[in-house]
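Here's the structure, in structure tokens; my notes come after.
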2 protein chains.
Amino acid sequence: MNLLLLEEADFIAADRVVLADRRFVHMQDVHGVAVGDTLRVGRINGLMGLATVQRLERHEAELHVSFDQAPPAKLPLTLVLAVPRPKMLRRLFQTVATLGVPRLILLNSYKVEKSFWQTPFLQPDVIRENLILGLEQARDTVLPEVIIEKRFKPFVEDRLPAIAEGTLGLVGHPGDYPACPRAVEQAVTLAIGPEGGWIPYEVDLLGKAGLAPVQLGARILRVETAVTALLSRIF
Amino acid sequence: MNLLLLEEADFIAADRVVLADRRFVHMQDVHGVAVGDTLRVGRINGLMGLATVQRLERHEAELHVSFDQAPPAKLPLTLVLAVPRPKMLRRLFQTVATLGVPRLILLNSYKVEKSFWQTPFLQPDVIRENLILGLEQARDTVLPEVIIEKRFKPFVEDRLPAIAEGTLGLVGHPGDYPACPRAVEQAVTLAIGPEGGWIPYEVDLLGKAGLAPVQLGARILRVETAVTALLSRIF
């Protein structure tokens with residue numbers, strides 16, 4: 001945790017918060033804070049600044065806080081991801097938030113197993129919790145928007161063209177395609193497929209919505225590694 | 001597992017293997033193979049090819065194998081990493097193998113906790129097991145070399161200059177440094193610090209060995225994400 005993120009409910013005054021949950025435990029166990037110590041803090045969806053520990057008790061801490069710094073810029077990106085297997089989802093939400101993705105659309109695809117949609121990791125509160133862990137890692141405060149699209153065709157035909165319009169539209173897909181572009185200066189819409197990849201019908205439909213296939217070499221990457229590698233190459 | 005990696009001990013003839021371990025279970029549970037099915041296989045540190053299931057019993061399978069394809073090229077890179085916390089190590093070995101790093105040097109650093117060196121994840125057989133998982137993911141056969149350097153100063157002063165000579169030497173380090181270069185055509189020696197970064201003395205010493213600091217933006221990345229992002233940017 002490189003930044004302590006504060007919720008509205010933590011505030012007992014405009015410049016004072018009380019913490020008693022995971023963040024309090026982390027402050028003590030990992031940072032070993034004492035009264036008078038300062039910590040980096042951020043207000044969810046707001047500014048970042050510093051906190052000073054005012055009071056430290058067995059079950060809670062009171063901090064004096066001030067905010068003066070804008071969070072880092074997000075990437076100019078909409079990321080469309082075929083839903084990965086549940087054990088990958090938690091870390092993926094963290095990584096997406098850490099990397100500065102402002103909007104994530106989780107999409108169905110032919111090779112997404114139906115059972116993947118049943119996972120508790122897709123519950124809104126679990127998603128939010130993992131996004132916050134990712135923001136704390138990166139030192140950012142702004143929660144990415146997460147949109148769930150359970151039907152491939154209506155999303156890609158009816159809504160994706162408007163999202164992709166005016167952006168560079170890309171589909172990460174192994175095969176005989178151009179290499180993923182580098183140092184792109186414009187906004188991007190990027191779609192990344194499931195394990196086993198998109199099927200040809202899906203690549204065609206994504207193409208009609210304005211997304212052109214690009215590849216990243218012969219190696220097959222896990223989805224989280226592919227997301228990081230593609231974003232680091234593109235931006 | 002996108003490639004089934006075979007050890008010398010699996011062979012009962014030049015073109016025949018018998019499997020009864022994790023790989024046998026995976027073939028059945030994940031791939032649901034039957035007699036006559038084909039699978040992609042590779043020989044550790046050798047060629048890749050195809051296997052045909054000849055015999056399938058309750059506890060073992062016999063495959064006919066042939067090899068005709070070279071594994072993908074490795075990156076022209078020596079990666080020097082401050083030892084991360086144990087829970088990150090297993091995935092890190094997998095990721096390093098997946099990305100095509102041919103040589104990994106795990107190094108001590110001021111901010112590496114002494115206890116990190118005690119982890120069973122640094123045992124040679126556990127390292128090898130995780131490297132193999134990473135190779136199977138990427139479809140590669142060649143095990144990266146892993147070197148353990150428990151003393152920072154003698155390694156950086158006495159051995160690193162010869163490793164870095166003739167390569168582009170880089171240290172990933174947050175701060176007011178040039179941005180990490182893109183699409184480098186030459187061999188690279190890249191050092192990545194621990195959580196909390198290198199201390200100034202270490203950056204100085206790495207600089208004297210020929211490694212110049214570069215940064216990757218304001219966001220603080222987990223080590224595994226940083227490795228993927230830096231390699232995807234550089235190559």
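Chain labels follow the order of the structure tokens: the first chain is A, the next B, and so on; residue numbering restarts at 1 in every chain, and ligands are counted from 1 in their shown order.
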
Excluding Leu75 in chain B and residues on its chain fewer than 5 positions from it, collect all residues at most 10 Å away from it, counting only C-alpha atoms, and give them as a ChimeraX atom specification. /B:99-103,187-188,231,235

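The residue set within 7 Å of range 127-144 of chain B, counting only C-alpha atoms and dropping same-chain residues fewer than 4 places from it, reads Arg219, Ile220 and Leu221 of chain A; Met1, Asn2, Leu3, Leu4, Leu5, Gly42, Arg43, Ile44, Asn45, Gly46, Pro71, Pro72, Arg90, Phe93, Gln94, Thr95, Ala97, Thr98, Val101, Pro102, Arg103, Phe121, Leu122 and Gln123 of chain B.
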
Could you turn the residues from that selection into a file that holds C-alpha atoms, as a compact mmCIF listing (two decimals), in the first residue's frame?
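Listing of selection37.txt after writing:
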```txt
# COMPACT_ATOMS: atom_id res chain seq x y z
CA ARG A 219 4.73 -16.24 -27.06
CA ILE A 220 1.33 -16.91 -25.50
CA LEU A 221 0.83 -14.67 -22.47
CA MET B 1 -0.51 -25.42 -20.47
CA ASN B 2 -0.09 -24.53 -24.13
CA LEU B 3 2.83 -26.91 -24.57
CA LEU B 4 3.55 -30.22 -22.86
CA LEU B 5 7.23 -30.17 -21.86
CA GLY B 42 8.48 -29.80 -26.52
CA ARG B 43 11.69 -31.34 -25.31
CA ILE B 44 13.23 -29.35 -22.45
CA ASN B 45 16.04 -27.25 -23.96
CA GLY B 46 15.23 -28.78 -27.37
CA PRO B 71 11.43 -22.72 -29.88
CA PRO B 72 10.90 -18.94 -30.13
CA ARG B 90 6.75 -18.10 -7.88
CA PHE B 93 9.80 -17.09 -12.22
CA GLN B 94 6.84 -18.07 -14.38
CA THR B 95 6.55 -14.60 -15.92
CA ALA B 97 10.21 -17.68 -18.41
CA THR B 98 7.04 -16.75 -20.32
CA VAL B 101 14.28 -13.84 -20.46
CA PRO B 102 17.37 -16.06 -20.99
CA ARG B 103 19.26 -15.07 -17.81
CA PHE B 121 10.70 -20.77 -3.44
CA LEU B 122 14.44 -20.20 -3.94
CA GLN B 123 15.21 -23.94 -3.84
```

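CA of Leu39 in chain A lies 21.3 Å from CA of Gly217 in chain B.
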
Identify, with DSSP run on backbone atoms, the residues in range 27-155 of chain B assigned to strand (DSSP E), and express the list as a ChimeraX atom specification. /B:38-43,48-56,61-69,77-82,103-107,145-149

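Counting from CA of Phe155 in chain B, the distance to CA of Gly169 in chain B is 15.2 Å.
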
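The interatomic distance for the pair CA of Tyr201 in chain A and CA of Leu160 in chain A works out to 15.7 Å.
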
Could you tell me, as a PyMOL selection string, which residues of range 101-224 of chain B DSSP assigns to alpha helix (DSSP H) when given the backbone? chain B and resi 124-138+152-154+160-164+200-208+223-224

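Closest to chain B among A:Ser115, A:Val126, A:Ala191, A:Ala73 is A:Ala73, based on only C-alpha atoms.
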
Near Val18 in chain B, within 7 Å and counting only C-alpha atoms, which residues show up once chain neighbours fewer than 3 positions away are dropped, as a PyMOL selection string? chain B and resi 10-12+60-63

Go ahead and save the residues from that selection, with N, CA, C and O atoms, as a tab-separated table (two decimals), in the first residue's frame.
```
chain	number	residue	atom	x	y	z
B	10	ASP	N	11.27	-39.08	-19.36
B	10	ASP	CA	9.96	-39.50	-19.85
B	10	ASP	C	10.07	-40.47	-21.03
B	10	ASP	O	9.12	-41.18	-21.36
B	11	PHE	N	11.23	-40.47	-21.70
B	11	PHE	CA	11.37	-41.23	-22.95
B	11	PHE	C	11.62	-42.71	-22.68
B	11	PHE	O	12.51	-43.06	-21.91
B	12	ILE	N	10.81	-43.57	-23.35
B	12	ILE	CA	11.07	-45.01	-23.28
B	12	ILE	C	11.64	-45.50	-24.62
B	12	ILE	O	12.08	-46.62	-24.75
B	60	GLU	N	-1.54	-43.68	-16.35
B	60	GLU	CA	-0.48	-43.20	-17.24
B	60	GLU	C	-0.95	-43.17	-18.69
B	60	GLU	O	-1.96	-43.77	-19.05
B	61	ALA	N	-0.18	-42.41	-19.48
B	61	ALA	CA	-0.46	-42.33	-20.91
B	61	ALA	C	0.84	-42.53	-21.66
B	61	ALA	O	1.91	-42.11	-21.20
B	62	GLU	N	0.72	-43.15	-22.83
B	62	GLU	CA	1.89	-43.30	-23.69
B	62	GLU	C	1.65	-42.50	-24.96
B	62	GLU	O	0.58	-42.57	-25.57
B	63	LEU	N	2.65	-41.69	-25.34
B	63	LEU	CA	2.53	-40.81	-26.49
B	63	LEU	C	3.62	-41.12	-27.50
B	63	LEU	O	4.77	-41.39	-27.13
```

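Considering the residues A:Ala34, A:Leu79, A:Met27, A:Ile105 and counting only C-alpha atoms, Gly172 in chain A has its shortest atom-to-atom contact with A:Leu79.
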
Any idea what's packed within 12 Å of Asp158 in chain B, counting only C-alpha atoms, ignoring anything in its chain fewer than 3 positions away? Could you give it as a PyMOL selection string? chain B and resi 149+151-155+161-164+205-206+208-209

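Nearest residue to Leu77 in chain A among A:Arg58, A:His64, A:Leu190, A:Val41 is A:Leu190, counting only C-alpha atoms.
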
Quick one: of A:Thr167, A:Glu185, A:Pro178, A:Gly197, who's nearest to Gly210 in chain A, counting only C-alpha atoms? A:Thr167
